[in-house]
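Undergrad: Sharing model-v8.tsv below, TSV, C-alpha atoms:
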chain	number	residue	atom	x	y	z
A	1	MET	CA	0.00	0.00	0.00
A	2	LYS	CA	1.52	3.28	-1.13
A	3	VAL	CA	0.23	6.43	0.54
A	4	TYR	CA	1.71	9.79	-0.38
A	5	LYS	CA	1.70	13.18	1.27
A	6	ILE	CA	-1.28	12.79	3.53
A	7	PRO	CA	-1.76	16.05	5.45
A	8	GLU	CA	-1.38	15.66	9.20
A	9	ALA	CA	-4.85	17.16	9.72
A	10	THR	CA	-6.26	14.33	7.60
A	11	VAL	CA	-4.46	11.70	9.66
A	12	MET	CA	-5.88	13.26	12.83
A	13	ARG	CA	-9.39	13.14	11.36
A	14	LEU	CA	-8.92	9.49	10.30
A	15	SER	CA	-8.09	8.80	13.93
A	16	ILE	CA	-11.33	10.49	14.98
A	17	TYR	CA	-13.40	8.68	12.33
A	18	SER	CA	-12.00	5.35	13.53
A	19	ARG	CA	-13.18	6.06	17.10
A	20	TYR	CA	-16.65	6.88	15.83
A	21	LEU	CA	-16.75	3.70	13.72
A	22	HIS	CA	-15.71	1.69	16.78
A	23	GLN	CA	-18.67	3.17	18.62
A	24	LEU	CA	-20.98	2.19	15.71
A	25	ILE	CA	-19.65	-1.38	15.79
A	26	ASP	CA	-20.45	-1.51	19.51
A	27	GLU	CA	-23.96	-0.32	18.67
A	28	GLY	CA	-24.37	-3.04	16.04
A	29	VAL	CA	-24.55	-0.64	13.06
A	30	ASP	CA	-23.62	-2.29	9.72
A	31	THR	CA	-23.41	0.57	7.23
A	32	VAL	CA	-22.84	4.30	7.52
A	33	SER	CA	-22.91	7.20	5.05
A	34	SER	CA	-20.28	9.92	4.84
A	35	GLY	CA	-23.00	12.33	6.03
A	36	GLU	CA	-23.58	10.24	9.15
A	37	ILE	CA	-19.87	10.05	9.90
A	38	ALA	CA	-19.65	13.80	9.35
A	39	ALA	CA	-22.52	14.50	11.73
A	40	GLY	CA	-21.15	12.04	14.28
A	41	VAL	CA	-17.75	13.67	14.53
A	42	GLY	CA	-18.61	17.27	13.64
A	43	VAL	CA	-16.90	17.86	10.28
A	44	GLY	CA	-18.38	18.46	6.81
A	45	SER	CA	-19.42	15.42	4.77
A	46	ALA	CA	-17.38	16.63	1.77
A	47	GLN	CA	-14.34	16.62	4.06
A	48	VAL	CA	-15.05	13.04	5.14
A	49	ARG	CA	-15.29	11.90	1.50
A	50	LYS	CA	-12.12	13.78	0.59
A	51	ASP	CA	-10.19	12.31	3.52
A	52	LEU	CA	-11.23	8.76	2.72
A	53	ALA	CA	-10.56	9.26	-1.01
A	54	TYR	CA	-6.82	9.59	-0.27
A	55	PHE	CA	-6.84	5.85	0.24
A	56	GLY	CA	-8.78	4.78	-2.82
A	57	GLU	CA	-12.42	3.97	-3.42
A	58	PHE	CA	-14.58	3.19	-0.45
A	59	GLY	CA	-18.27	2.73	-0.04
A	60	THR	CA	-21.13	2.35	-2.48
A	61	ARG	CA	-23.12	5.33	-3.73
A	62	GLY	CA	-26.48	5.46	-1.97
A	63	VAL	CA	-25.54	2.69	0.45
A	64	GLY	CA	-22.51	4.04	2.24
A	65	TYR	CA	-19.60	2.33	3.90
A	66	LYS	CA	-19.50	-1.06	5.56
A	67	VAL	CA	-18.65	-0.06	9.12
A	68	GLU	CA	-16.40	-2.99	10.05
A	69	GLU	CA	-14.54	-2.96	6.76
A	70	LEU	CA	-13.86	0.78	6.90
A	71	TYR	CA	-12.86	0.57	10.57
A	72	GLY	CA	-10.40	-2.24	9.85
A	73	TYR	CA	-8.92	-0.29	7.00
A	74	LEU	CA	-8.49	2.90	9.02
A	75	ILE	CA	-6.89	0.98	11.90
A	76	LYS	CA	-4.42	-0.48	9.42
A	77	ILE	CA	-3.68	2.90	7.83
A	78	LEU	CA	-3.08	4.40	11.27
A	79	GLY	CA	-0.66	1.60	12.11
A	80	LEU	CA	-2.92	0.48	14.96
A	81	ASP	CA	-3.11	-3.14	13.83
A	82	GLN	CA	0.18	-3.60	15.65
A	83	GLN	CA	1.31	-2.73	19.18
A	84	TRP	CA	3.75	0.16	19.59
A	85	ASN	CA	5.98	0.22	22.60
A	86	VAL	CA	6.63	3.64	24.08
A	87	ILE	CA	9.26	5.15	26.36
A	88	ILE	CA	8.60	8.33	28.33
A	89	VAL	CA	11.52	10.50	29.41
A	90	GLY	CA	10.60	12.89	32.22
A	91	ALA	CA	8.46	11.66	35.12
A	92	GLY	CA	7.12	15.03	36.26
A	93	LYS	CA	3.38	15.59	36.55
A	94	LEU	CA	2.82	15.56	32.79
A	95	GLY	CA	5.04	12.53	32.17
A	96	SER	CA	3.34	10.68	35.01
A	97	ALA	CA	-0.11	11.58	33.70
A	98	LEU	CA	0.87	10.29	30.25
A	99	ALA	CA	2.31	7.06	31.70
A	100	LEU	CA	-1.10	6.36	33.25
A	101	TYR	CA	-3.22	7.73	30.36
A	102	GLN	CA	-5.85	5.11	29.58
A	103	GLY	CA	-6.35	6.50	26.08
A	104	PHE	CA	-2.89	5.25	25.04
A	105	LYS	CA	-3.58	1.69	26.20
A	106	ASP	CA	-6.99	1.71	24.52
A	107	ARG	CA	-5.35	2.42	21.15
A	108	GLY	CA	-2.54	-0.13	21.39
A	109	PHE	CA	0.29	2.01	22.75
A	110	SER	CA	2.14	0.38	25.61
A	111	VAL	CA	4.31	2.52	27.88
A	112	CYS	CA	7.16	0.09	28.63
A	113	ALA	CA	9.55	2.47	30.39
A	114	ILE	CA	9.56	5.84	32.10
A	115	LEU	CA	12.86	7.49	32.97
A	116	ASP	CA	13.92	10.47	35.08
A	117	ASN	CA	17.15	11.67	36.65
A	118	ASP	CA	15.57	12.87	39.91
A	119	PRO	CA	16.53	10.45	42.73
A	120	GLY	CA	13.28	11.45	44.48
A	121	ARG	CA	11.28	10.01	41.58
A	122	ILE	CA	13.38	6.97	40.66
A	123	GLY	CA	11.87	3.79	42.09
A	124	GLN	CA	8.32	5.16	42.30
A	125	LYS	CA	5.65	3.14	40.52
A	126	LEU	CA	3.24	4.53	37.92
A	127	GLY	CA	0.73	1.76	37.42
A	128	GLU	CA	2.79	-1.27	36.42
A	129	THR	CA	5.86	0.74	35.45
A	130	THR	CA	8.66	1.82	37.77
A	131	ILE	CA	10.47	5.12	37.21
A	132	GLU	CA	14.07	4.31	36.30
A	133	PRO	CA	17.23	6.37	35.82
A	134	LEU	CA	18.16	7.71	32.36
A	135	GLU	CA	21.02	5.22	32.22
A	136	GLN	CA	18.42	2.49	31.53
A	137	MET	CA	17.45	4.10	28.21
A	138	ASP	CA	19.49	1.98	25.80
A	139	GLN	CA	18.63	-1.28	27.48
A	140	ARG	CA	14.88	-0.64	27.67
A	141	ILE	CA	14.66	0.55	24.06
A	142	LYS	CA	16.47	-2.53	22.76
A	143	GLU	CA	14.71	-4.98	25.08
A	144	HIS	CA	11.20	-3.79	24.13
A	145	ASN	CA	12.01	-2.79	20.53
A	146	ILE	CA	10.70	0.71	21.33
A	147	LYS	CA	10.18	3.00	18.33
A	148	VAL	CA	8.23	5.83	20.01
A	149	GLY	CA	9.68	8.24	22.57
A	150	ILE	CA	7.71	10.84	24.52
A	151	VAL	CA	9.79	13.79	25.74
A	152	THR	CA	8.44	15.61	28.79
A	153	VAL	CA	11.68	16.98	30.22
A	154	PRO	CA	12.53	20.68	30.77
A	155	ALA	CA	13.43	22.64	27.60
A	156	GLN	CA	17.14	22.91	28.40
A	157	VAL	CA	17.70	19.13	28.28
A	158	ALA	CA	15.08	18.20	25.65
A	159	GLN	CA	17.47	18.17	22.67
A	160	GLU	CA	20.04	16.07	24.50
A	161	VAL	CA	17.39	13.54	25.57
A	162	THR	CA	16.01	13.43	22.01
A	163	ASP	CA	19.46	12.78	20.54
A	164	ARG	CA	20.00	9.94	22.99
A	165	LEU	CA	16.60	8.40	22.17
A	166	ILE	CA	17.36	8.47	18.45
A	167	THR	CA	20.84	7.02	18.92
A	168	ALA	CA	19.27	4.18	20.90
A	169	GLY	CA	16.82	3.34	18.09
A	170	VAL	CA	13.69	5.48	18.55
A	171	THR	CA	12.33	6.74	15.19
A	172	ALA	CA	9.28	8.74	16.30
A	173	ILE	CA	9.31	11.50	18.91
A	174	LEU	CA	6.35	13.12	20.62
A	175	ASN	CA	7.66	16.35	22.15
A	176	PHE	CA	5.75	17.96	25.01
A	177	SER	CA	8.62	20.29	25.92
A	178	PRO	CA	8.46	23.90	24.68
A	179	LYS	CA	11.83	23.42	22.95
A	180	VAL	CA	11.99	23.36	19.14
A	181	LEU	CA	13.82	20.07	18.52
A	182	ARG	CA	16.02	19.12	15.60
A	183	VAL	CA	15.82	15.52	14.40
A	184	PRO	CA	17.29	13.71	11.39
A	185	HIS	CA	15.15	13.50	8.24
A	186	GLU	CA	14.19	9.86	8.83
A	187	VAL	CA	12.81	10.51	12.33
A	188	THR	CA	9.17	11.59	12.73
A	189	LEU	CA	8.72	14.45	15.18
A	190	ARG	CA	5.45	15.77	16.53
A	191	ASN	CA	5.32	18.75	18.86
A	192	VAL	CA	2.41	19.00	21.27
A	193	ASP	CA	1.67	22.42	22.65
A	194	LEU	CA	-1.36	22.02	24.87
A	195	SER	CA	-2.04	25.76	24.91
A	196	VAL	CA	-2.98	25.61	21.19
A	197	ASN	CA	-6.16	23.91	22.40
A	198	LEU	CA	-6.98	26.80	24.70
A	199	GLU	CA	-6.28	29.23	21.86
A	200	VAL	CA	-8.92	27.60	19.68
A	201	LEU	CA	-11.31	28.39	22.54
A	202	SER	CA	-10.11	31.97	23.05
A	203	PHE	CA	-10.40	32.52	19.28
A	204	ASN	CA	-14.07	31.58	19.53
A	205	LEU	CA	-14.63	33.55	22.73
A	206	ALA	CA	-13.06	36.67	21.20
A	207	LEU	CA	-15.17	36.17	18.05
A	208	ASN	CA	-18.41	36.08	20.04
A	209	SER	CA	-17.63	38.81	22.54
B	1	MET	CA	-13.96	42.60	12.61
B	2	LYS	CA	-16.18	39.87	11.15
B	3	VAL	CA	-14.62	36.46	10.71
B	4	TYR	CA	-16.69	33.61	9.34
B	5	LYS	CA	-16.28	29.84	9.37
B	6	ILE	CA	-12.57	29.61	9.97
B	7	PRO	CA	-11.59	25.92	10.05
B	8	GLU	CA	-10.22	24.81	13.39
B	9	ALA	CA	-7.05	23.54	11.68
B	10	THR	CA	-6.45	27.09	10.43
B	11	VAL	CA	-6.87	28.54	13.91
B	12	MET	CA	-4.35	26.01	15.22
B	13	ARG	CA	-1.86	27.01	12.52
B	14	LEU	CA	-2.38	30.72	13.28
B	15	SER	CA	-1.43	29.89	16.85
B	16	ILE	CA	1.74	28.20	15.61
B	17	TYR	CA	2.59	31.09	13.23
B	18	SER	CA	2.21	33.54	16.11
B	19	ARG	CA	4.77	31.62	18.18
B	20	TYR	CA	7.22	31.68	15.29
B	21	LEU	CA	6.69	35.42	14.77
B	22	HIS	CA	7.33	35.97	18.48
B	23	GLN	CA	10.62	34.16	18.08
B	24	LEU	CA	11.49	36.40	15.08
B	25	ILE	CA	10.70	39.53	17.12
B	26	ASP	CA	13.08	38.27	19.83
B	27	GLU	CA	15.72	37.82	17.12
B	28	GLY	CA	15.18	41.37	15.86
B	29	VAL	CA	13.77	40.34	12.45
B	30	ASP	CA	11.63	43.09	10.80
B	31	THR	CA	10.03	41.41	7.79
B	32	VAL	CA	9.29	37.83	6.83
B	33	SER	CA	7.95	36.12	3.69
B	34	SER	CA	5.24	33.47	3.65
B	35	GLY	CA	7.95	31.05	2.45
B	36	GLU	CA	10.06	31.82	5.50
B	37	ILE	CA	7.10	31.36	7.86
B	38	ALA	CA	6.29	28.10	6.05
B	39	ALA	CA	9.85	26.80	6.42
B	40	GLY	CA	10.00	27.95	10.05
B	41	VAL	CA	6.92	26.05	11.13
B	42	GLY	CA	6.93	23.17	8.64
B	43	VAL	CA	3.87	23.79	6.45
B	44	GLY	CA	3.57	24.72	2.78
B	45	SER	CA	3.89	28.40	1.83
B	46	ALA	CA	0.61	28.27	-0.13
B	47	GLN	CA	-1.06	27.10	3.07
B	48	VAL	CA	0.40	30.03	5.01
B	49	ARG	CA	-0.88	32.51	2.41
B	50	LYS	CA	-4.30	30.86	2.35
B	51	ASP	CA	-4.56	30.87	6.15
B	52	LEU	CA	-3.65	34.54	6.42
B	53	ALA	CA	-5.95	35.47	3.53
B	54	TYR	CA	-8.97	34.53	5.68
B	55	PHE	CA	-8.35	37.74	7.52
B	56	GLY	CA	-7.88	40.11	4.61
B	57	GLU	CA	-4.86	41.44	2.81
B	58	PHE	CA	-1.51	41.18	4.53
B	59	GLY	CA	2.01	41.77	3.37
B	60	THR	CA	3.50	43.35	0.28
B	61	ARG	CA	4.41	41.30	-2.76
B	62	GLY	CA	8.17	40.79	-2.91
B	63	VAL	CA	8.69	42.30	0.55
B	64	GLY	CA	6.67	40.08	2.81
B	65	TYR	CA	4.99	40.73	6.11
B	66	LYS	CA	5.99	43.20	8.82
B	67	VAL	CA	6.70	40.82	11.67
B	68	GLU	CA	5.41	42.95	14.57
B	69	GLU	CA	2.28	44.02	12.72
B	70	LEU	CA	1.37	40.47	11.70
B	71	TYR	CA	2.14	39.16	15.19
B	72	GLY	CA	-0.09	41.79	16.78
B	73	TYR	CA	-2.89	40.98	14.39
B	74	LEU	CA	-2.67	37.21	14.99
B	75	ILE	CA	-2.64	37.71	18.75
B	76	LYS	CA	-5.79	39.80	18.44
B	77	ILE	CA	-7.51	37.23	16.18
B	78	LEU	CA	-6.65	34.47	18.65
B	79	GLY	CA	-8.14	36.50	21.50
B	80	LEU	CA	-4.74	36.63	23.22
B	81	ASP	CA	-4.72	40.42	23.61
B	82	GLN	CA	-6.76	39.80	26.75
B	83	GLN	CA	-6.28	37.53	29.76
B	84	TRP	CA	-8.55	34.51	30.07
B	85	ASN	CA	-9.19	33.06	33.48
B	86	VAL	CA	-9.44	29.30	33.62
B	87	ILE	CA	-10.90	26.78	36.07
B	88	ILE	CA	-9.75	23.15	36.12
B	89	VAL	CA	-12.07	20.46	37.47
B	90	GLY	CA	-10.23	17.28	38.37
B	91	ALA	CA	-6.90	17.47	40.22
B	92	GLY	CA	-5.54	14.06	39.22
B	93	LYS	CA	-2.15	13.80	37.55
B	94	LEU	CA	-3.33	15.33	34.27
B	95	GLY	CA	-5.30	18.15	35.96
B	96	SER	CA	-2.31	18.89	38.20
B	97	ALA	CA	0.06	18.91	35.24
B	98	LEU	CA	-2.22	21.33	33.40
B	99	ALA	CA	-2.52	23.59	36.46
B	100	LEU	CA	1.27	23.95	36.45
B	101	TYR	CA	1.71	24.01	32.65
B	102	GLN	CA	3.95	26.96	31.85
B	103	GLY	CA	2.67	27.11	28.27
B	104	PHE	CA	-0.74	28.34	29.48
B	105	LYS	CA	0.76	31.21	31.49
B	106	ASP	CA	3.03	32.16	28.59
B	107	ARG	CA	-0.01	32.67	26.35
B	108	GLY	CA	-2.16	34.67	28.78
B	109	PHE	CA	-4.25	31.89	30.33
B	110	SER	CA	-4.44	32.09	34.11
B	111	VAL	CA	-5.56	29.06	36.08
B	112	CYS	CA	-7.51	30.73	38.91
B	113	ALA	CA	-9.07	27.65	40.48
B	114	ILE	CA	-8.65	23.88	40.54
B	115	LEU	CA	-11.35	21.72	42.09
B	116	ASP	CA	-11.65	18.08	43.10
B	117	ASN	CA	-13.92	16.06	45.35
B	118	ASP	CA	-11.18	13.85	46.81
B	119	PRO	CA	-10.52	14.86	50.45
B	120	GLY	CA	-6.94	13.58	50.02
B	121	ARG	CA	-6.32	16.22	47.33
B	122	ILE	CA	-8.30	19.16	48.71
B	123	GLY	CA	-6.00	21.66	50.42
B	124	GLN	CA	-2.89	20.65	48.45
B	125	LYS	CA	-1.13	23.44	46.58
B	126	LEU	CA	-0.31	23.40	42.87
B	127	GLY	CA	1.98	26.38	42.42
B	128	GLU	CA	0.01	29.36	43.70
B	129	THR	CA	-3.35	27.60	43.53
B	130	THR	CA	-4.89	25.44	46.25
B	131	ILE	CA	-7.09	22.47	45.34
B	132	GLU	CA	-10.60	23.23	46.56
B	133	PRO	CA	-13.83	21.23	46.80
B	134	LEU	CA	-16.35	21.26	43.92
B	135	GLU	CA	-18.70	23.34	46.05
B	136	GLN	CA	-16.43	26.34	45.38
B	137	MET	CA	-17.21	26.25	41.64
B	138	ASP	CA	-19.90	28.95	41.45
B	139	GLN	CA	-18.05	31.36	43.70
B	140	ARG	CA	-14.70	31.07	41.89
B	141	ILE	CA	-16.25	31.38	38.43
B	142	LYS	CA	-18.13	34.54	39.39
B	143	GLU	CA	-15.28	36.05	41.40
B	144	HIS	CA	-12.70	35.66	38.60
B	145	ASN	CA	-15.15	36.06	35.69
B	146	ILE	CA	-13.99	32.67	34.40
B	147	LYS	CA	-15.10	31.79	30.86
B	148	VAL	CA	-12.91	28.73	30.23
B	149	GLY	CA	-13.30	25.38	32.01
B	150	ILE	CA	-10.93	22.42	31.68
B	151	VAL	CA	-12.53	19.05	32.45
B	152	THR	CA	-10.12	16.31	33.59
B	153	VAL	CA	-12.49	14.19	35.66
B	154	PRO	CA	-13.38	10.51	35.05
B	155	ALA	CA	-15.80	9.87	32.15
B	156	GLN	CA	-18.75	8.97	34.35
B	157	VAL	CA	-18.93	12.42	35.98
B	158	ALA	CA	-17.71	14.55	33.04
B	159	GLN	CA	-21.17	15.53	31.74
B	160	GLU	CA	-22.41	16.50	35.19
B	161	VAL	CA	-19.31	18.63	35.84
B	162	THR	CA	-19.68	20.26	32.40
B	163	ASP	CA	-23.34	21.10	33.03
B	164	ARG	CA	-22.43	22.72	36.34
B	165	LEU	CA	-19.62	24.75	34.75
B	166	ILE	CA	-21.97	26.05	32.06
B	167	THR	CA	-24.72	26.89	34.56
B	168	ALA	CA	-22.13	28.84	36.57
B	169	GLY	CA	-21.14	30.95	33.53
B	170	VAL	CA	-18.37	29.11	31.66
B	171	THR	CA	-18.80	29.40	27.86
B	172	ALA	CA	-15.81	27.40	26.60
B	173	ILE	CA	-14.94	23.85	27.64
B	174	LEU	CA	-11.70	21.97	27.04
B	175	ASN	CA	-12.51	18.30	27.60
B	176	PHE	CA	-9.68	15.88	28.42
B	177	SER	CA	-12.06	13.13	29.54
B	178	PRO	CA	-12.83	10.32	27.07
B	179	LYS	CA	-16.56	11.13	27.38
B	180	VAL	CA	-18.41	12.67	24.42
B	181	LEU	CA	-19.97	15.75	26.03
B	182	ARG	CA	-23.15	17.55	25.04
B	183	VAL	CA	-23.14	21.34	25.38
B	184	PRO	CA	-25.62	24.04	24.32
B	185	HIS	CA	-25.11	25.66	20.91
B	186	GLU	CA	-23.63	28.86	22.38
B	187	VAL	CA	-20.90	27.02	24.31
B	188	THR	CA	-17.61	26.19	22.56
B	189	LEU	CA	-16.38	22.66	23.23
B	190	ARG	CA	-13.02	21.22	22.34
B	191	ASN	CA	-12.14	17.59	22.98
B	192	VAL	CA	-8.51	16.70	23.50
B	193	ASP	CA	-7.56	13.09	22.94
B	194	LEU	CA	-3.83	12.88	23.51
B	195	SER	CA	-3.56	9.51	21.77
B	196	VAL	CA	-4.37	11.19	18.43
B	197	ASN	CA	-0.84	12.60	18.63
B	198	LEU	CA	0.65	9.14	18.98
B	199	GLU	CA	-1.48	7.94	16.06
B	200	VAL	CA	0.05	10.55	13.77
B	201	LEU	CA	3.38	8.95	14.69
B	202	SER	CA	2.21	5.36	14.26
B	203	PHE	CA	0.73	6.33	10.86
B	204	ASN	CA	4.19	7.47	9.79
B	205	LEU	CA	5.93	4.48	11.36
B	206	ALA	CA	3.57	2.06	9.59
B	207	LEU	CA	4.07	3.94	6.32
B	208	ASN	CA	7.85	3.58	6.51
B	209	SER	CA	8.02	0.03	7.82
Will you turn the file into structure tokens for me?

TA:
Amino acid sequence: MKVYKIPEATVMRLSIYSRYLHQLIDEGVDTVSSGEIAAGVGVGSAQVRKDLAYFGEFGTRGVGYKVEELYGYLIKILGLDQQWNVIIVGAGKLGSALALYQGFKDRGFSVCAILDNDPGRIGQKLGETTIEPLEQMDQRIKEHNIKVGIVTVPAQVAQEVTDRLITAGVTAILNFSPKVLRVPHEVTLRNVDLSVNLEVLSFNLALNS
Amino acid sequence: MKVYKIPEATVMRLSIYSRYLHQLIDEGVDTVSSGEIAAGVGVGSAQVRKDLAYFGEFGTRGVGYKVEELYGYLIKILGLDQQWNVIIVGAGKLGSALALYQGFKDRGFSVCAILDNDPGRIGQKLGETTIEPLEQMDQRIKEHNIKVGIVTVPAQVAQEVTDRLITAGVTAILNFSPKVLRVPHEVTLRNVDLSVNLEVLSFNLALNS
């Protein structure tokens, strides 16, 4: 399957469609139209059709999509038909919250290791996982074949931690630090700035005030 | 200023452009082209021009945009020329992390209150803010003229908490719970599912494997 140049916003919507389809499966629904998906997740139906069209022809005009078939396809596209092992570096409040985040488990992401260099944190348990020193990084990444690293350390050490993760074999980085990170071309980087979410709200508040 | 039907993805990019422009101001840069903004934040330059065109004519052909002027305009569009007071309901690990999240402060969001119903949490301090019981909701919202509520409670109580926030005067809800919430038409709701971020990574990992 060759897939080219899919915009990130599309991938995020595919993720949202797949959740909605999962809900429909639970409800015993067999077929769904693009209009119903659109209404269910709050985007336009033309957008839904356009997003799905990136991946070839789906659905039957006037009948719609087979829910289970489309769900299975989206899960495969999103790489969720396999388990991804994850390492978190930084066991502060955000790192700890992420280590325990049920939403990751529900979608097949398994947090196998969480590291910190604070002796006050090392040895504490977060669910099943014990906080370990940064020196364990190489071993844990190799042992669990970890490809995904989550960086929740302070800005001043974020680049160094990222470099170490990549050297040890991680090829996808989710960065929660405010630092702009540099990664090699072959590594996928995604920066999460949680305040962007609040700014979508303040945009709307300012618009209506 | 009338602004119609701006896609949420555009608003999120405006937020990211504004951060980049802030960085340019710090570096003493006076003018910037759409191509430079595009390269700086990692989107296409046609996209940058299209996003900015929603808000009228900017920039001069061949010269580019005046950095400070464009920054000021984006900040105003995003509603960040004013301070927004925020209440967090749910002082678990994620709620606590958000209460201390520097990125909110940096962008003019002030967490004025954090509530929980767990006696073991009530009275604990998160930075300057003390965790208080849910009974304080009405008083804090009125006292600080809070318009933005962040919901980080378990799914089974998320709708009830949201209803109470809205009744007390909140008009924008950021939902971190996995629950699909129902809000009145005039209330802005944004759902944050952190695993979507990991799925953008697994999409890329699956693509390249």

Undergrad: Would you list which chain A residues are within 8 Å of chain B using all atoms listed in the file, as a ChimeraX atom specification?

TA: /A:2-3,8-9,11-12,15-16,77-80,84,93-94,96-98,103-104,107,148,171-174,178,188-190,192-207

Undergrad: Please, what distance in Å, to one decimal, runs between atom CA of Gln156 of chain B and atom CA of Arg182 of chain B?

TA: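 One can read the atom CA of Gln156 of chain B to atom CA of Arg182 of chain B distance as 13.4 Å.
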
Undergrad: Can you work out the spacing between atom CA of His185 of chain A and atom CA of Thr152 of chain A in Å, to one decimal?

TA: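 Separating atom CA of His185 of chain A from atom CA of Thr152 of chain A is a distance of 21.7 Å.
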
Undergrad: Given all atoms listed in the file as the basis, pick out the residue of B:Ile122, B:Val32, B:Ile114, B:Ile166 nearest to Lys66 of chain B.

TA: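 Of all the options, B:Val32 lies closest to Lys66 of chain B.
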
Undergrad: Could you check which of A:Met137, A:Ile146, A:Val67, A:Ala91 is closest to Arg121 of chain A, using all atoms listed in the file?

TA: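 Using all atoms listed in the file, Arg121 of chain A sits closest to A:Ala91.
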
Undergrad: When you draw a straight line from atom CA of Gly40 of chain A to atom CA of Tyr71 of chain A, how long is it in Å?

TA: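 We find that atom CA of Gly40 of chain A and atom CA of Tyr71 of chain A lie 14.6 Å from each other.
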
Undergrad: For segment 138-143 of chain A, find every residue with an atom within 7 Å (counting all atoms listed in the file), except residues of its own chain fewer than 5 positions away, and show them as a list in words.

TA: Ala113, Ala168 and Gly169 of chain A

Undergrad: Once you add 4 Å to each side, what are the centre and edge lengths of the axis-aligned box holding all listed atoms of segment 60-73 of chain B? One decimal in Å, as lines of an AutoDock Vina configuration file, if you can.

TA:
center_x = 2.9
center_y = 41.6
center_z = 6.9
size_x = 19.6
size_y = 12.9
size_z = 27.7

Undergrad: Measuring between only C-alpha atoms, which one of B:Val89, B:Ala46, B:Val170, B:Ile37 shows the shortest distance to Ala158 of chain B?

TA: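 Comparing B:Val89, B:Ala46, B:Val170, B:Ile37 against Ala158 of chain B, the winner is B:Val89.
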